[in-house]
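Participant: Handing you a structure now.
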Amino acid sequence: MAPIIYCLLFLAGLFLLIKGSEWFVNSAVWTAEVFRIPPIIIGATIVSICTTLPETFVSATAAVGGQTDMAIGNAIGSIAVNTGLILATLIIYLVPVIENRKEFIMNGCFLICSLVLIWSIVYFYSGIPTYVGVLLLILMLLYIANNIRLARASMDLDIHYDFIDEESVNAQFDPEQPMPEGVSYDESENDFDVSIQETIHRIIFFVIGIVFVIAGSRLLVQSGIQIARLLQVPAFLIAVIFTSIGTSLPELVTAISAVKKGVSTLGIGNIMGANILNIVQVMGITALLSPVPLQQVRNILFFQLPFILVMILLAVVPGLLSRRGFSRWNGVLLVILYLIFLTANILKGSTPVLGQYYF
């Protein structure tokens, strides 16, 4: 009976986490749009940070509770899910072409260097000290600042865009003529209900979203620990295999939306950003809250991080070398690697070839 109860609590925590994240993100984006923050800036900052909100809260909750292995396992597993499942799906269905190669190269190199940095730190310190958490958060701020810089560079800053109301368009301008320079109208950008009722509604859902995320994170971590004990496996593996899939659902939803709309760049950019933030944001906040002495050092050093690095390289390098971008075999290969990653983690010490040496 106990295993069933803990599984139900795990699923309940997952539901609260995802629903809370959705309400939190929607309210945050609405606020940014009301204050006329350009959509490209919103995507580069708020959306990219908020899609890793589940991983951040789950890992932070685990770190505060002393389950640092689970916190790091969640971050590592999320990178594997994002790359081997979600990015692979985008590649297989859309065969995307890299539109902004410079940005893709910068983010790809940043991601690879961040993984190598984490591996080096774990190798020399057998964990992640608090001051390294501070360093990772500084890197996160630099990454976000660079995103904002690139977003602003894609805008024409010499033009002041004055969004006007729908009722004013026909009254001021001839609809047959182009809009005057410096004036822009987009119905979707101007249908904002900023009434007191709507503002209160957004605030309420913002607060409820945060409460749901916190409560869901606690449920997910606590029930995950109990499931690990019942199965007599390390909590690290529960995080790598199960928790990471649940916390990566926002990225999966974004990818599905990109597939439906045929906007592959949106999905790829979100996944690359989520992977980077899983390192600098999730691991950084985890280490800042509590130093991370890893019990699974051998496992992380010789299997988890190297395997993730190989997946990232196979995802990034083809996009760098070929001007056509990706091909379907890239996606198929990533899926195969993710299945190997899952199988190795599930079998643990009895994994063929790897055996007890890595686990």
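We label chains A, B, ... in the order they appear in the structure tokens, count residues from 1 in each chain, and number ligands from 1 in the order shown.
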Leaving out stretch 121-128 of chain A and any residue of its chain fewer than 3 positions from it, which residues lie within 10 Å of it when counting only C-alpha atoms, given as a list of chain:residue names?
Facilitator: A:Thr68, A:Asp69, A:Ile72, A:Leu115, A:Val116, A:Leu117, A:Ile118, A:Tyr131, A:Val132, A:Gly133, A:Met283, A:Gly284, A:Thr286, A:Ala287, A:Leu288, A:Ser290, A:Pro291, A:Val292, A:Pro293, A:Leu294, A:Gln295, A:Gln296, A:Val297, A:Arg298, A:Ile300, A:Leu301, A:Phe302, A:Leu305
Participant: Please identify all polymer residues within 12 Å of A:Leu314, counting only C-alpha atoms, omitting same-chain residues fewer than 5 positions from it, and present them as number ranges by chain.
Facilitator: A: 83-84, 87-88, 108, 112, 307-309, 319-321, 326-327, 329-338
Participant: Could those selected residues go to a file with C-alpha atoms, as a tab-separated table (two decimals), in the first residue's frame?
Facilitator:
```tsv
chain	number	residue	atom	x	y	z
A	83	THR	CA	18.75	16.78	-25.26
A	84	GLY	CA	18.01	13.11	-25.84
A	87	LEU	CA	15.61	18.20	-28.83
A	88	ALA	CA	15.70	14.83	-30.60
A	108	GLY	CA	26.77	25.71	-27.70
A	112	ILE	CA	30.07	22.65	-23.37
A	307	PHE	CA	27.74	10.74	-21.14
A	308	ILE	CA	25.81	14.03	-21.00
A	309	LEU	CA	28.79	15.83	-22.58
A	319	GLY	CA	24.68	22.13	-36.21
A	320	LEU	CA	28.06	23.87	-36.30
A	321	LEU	CA	29.70	21.88	-39.08
A	326	PHE	CA	20.58	18.99	-38.49
A	327	SER	CA	19.50	15.77	-40.17
A	329	TRP	CA	19.85	10.72	-38.02
A	330	ASN	CA	21.08	13.26	-35.44
A	331	GLY	CA	17.74	13.03	-33.68
A	332	VAL	CA	17.58	9.23	-33.91
A	333	LEU	CA	21.11	8.96	-32.48
A	334	LEU	CA	20.21	11.24	-29.55
A	335	VAL	CA	17.15	9.13	-28.74
A	336	ILE	CA	19.28	5.96	-28.77
A	337	LEU	CA	21.82	7.59	-26.46
A	338	TYR	CA	19.06	8.68	-24.07
```
Participant: What does the structure give for the distance between atom CA of A:Pro318 and atom CA of A:Asn270, in Å to one decimal?
Facilitator: 18.2 Å
Participant: Point out the residue among A:Val240, A:Ile285, A:Ile79, A:Met311 with the least atom-to-atom distance to A:Thr61, counting only C-alpha atoms.
Facilitator: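 For A:Thr61, the nearest of the candidates is A:Ile285.
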Participant: Can you tell me, as a CSV table (one decimal) with C-alpha atoms, in the first residue's frame, what residues are no more than 10 Å from A:Lys19 when counting only C-alpha atoms, ignoring any on the same chain fewer than 6 positions away?
Facilitator:
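What landed in out_27.csv:
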```csv
chain,number,residue,atom,x,y,z
A,13,GLY,CA,3.6,16.9,-6.5
A,25,VAL,CA,5.0,32.1,-16.0
A,208,ILE,CA,-1.0,30.6,-6.1
A,209,GLY,CA,1.5,29.5,-8.7
A,210,ILE,CA,4.5,30.1,-6.4
A,212,PHE,CA,1.9,25.3,-5.9
A,213,VAL,CA,5.5,25.2,-7.1
A,216,GLY,CA,4.8,20.4,-5.5
A,250,PRO,CA,7.7,22.9,-19.6
```
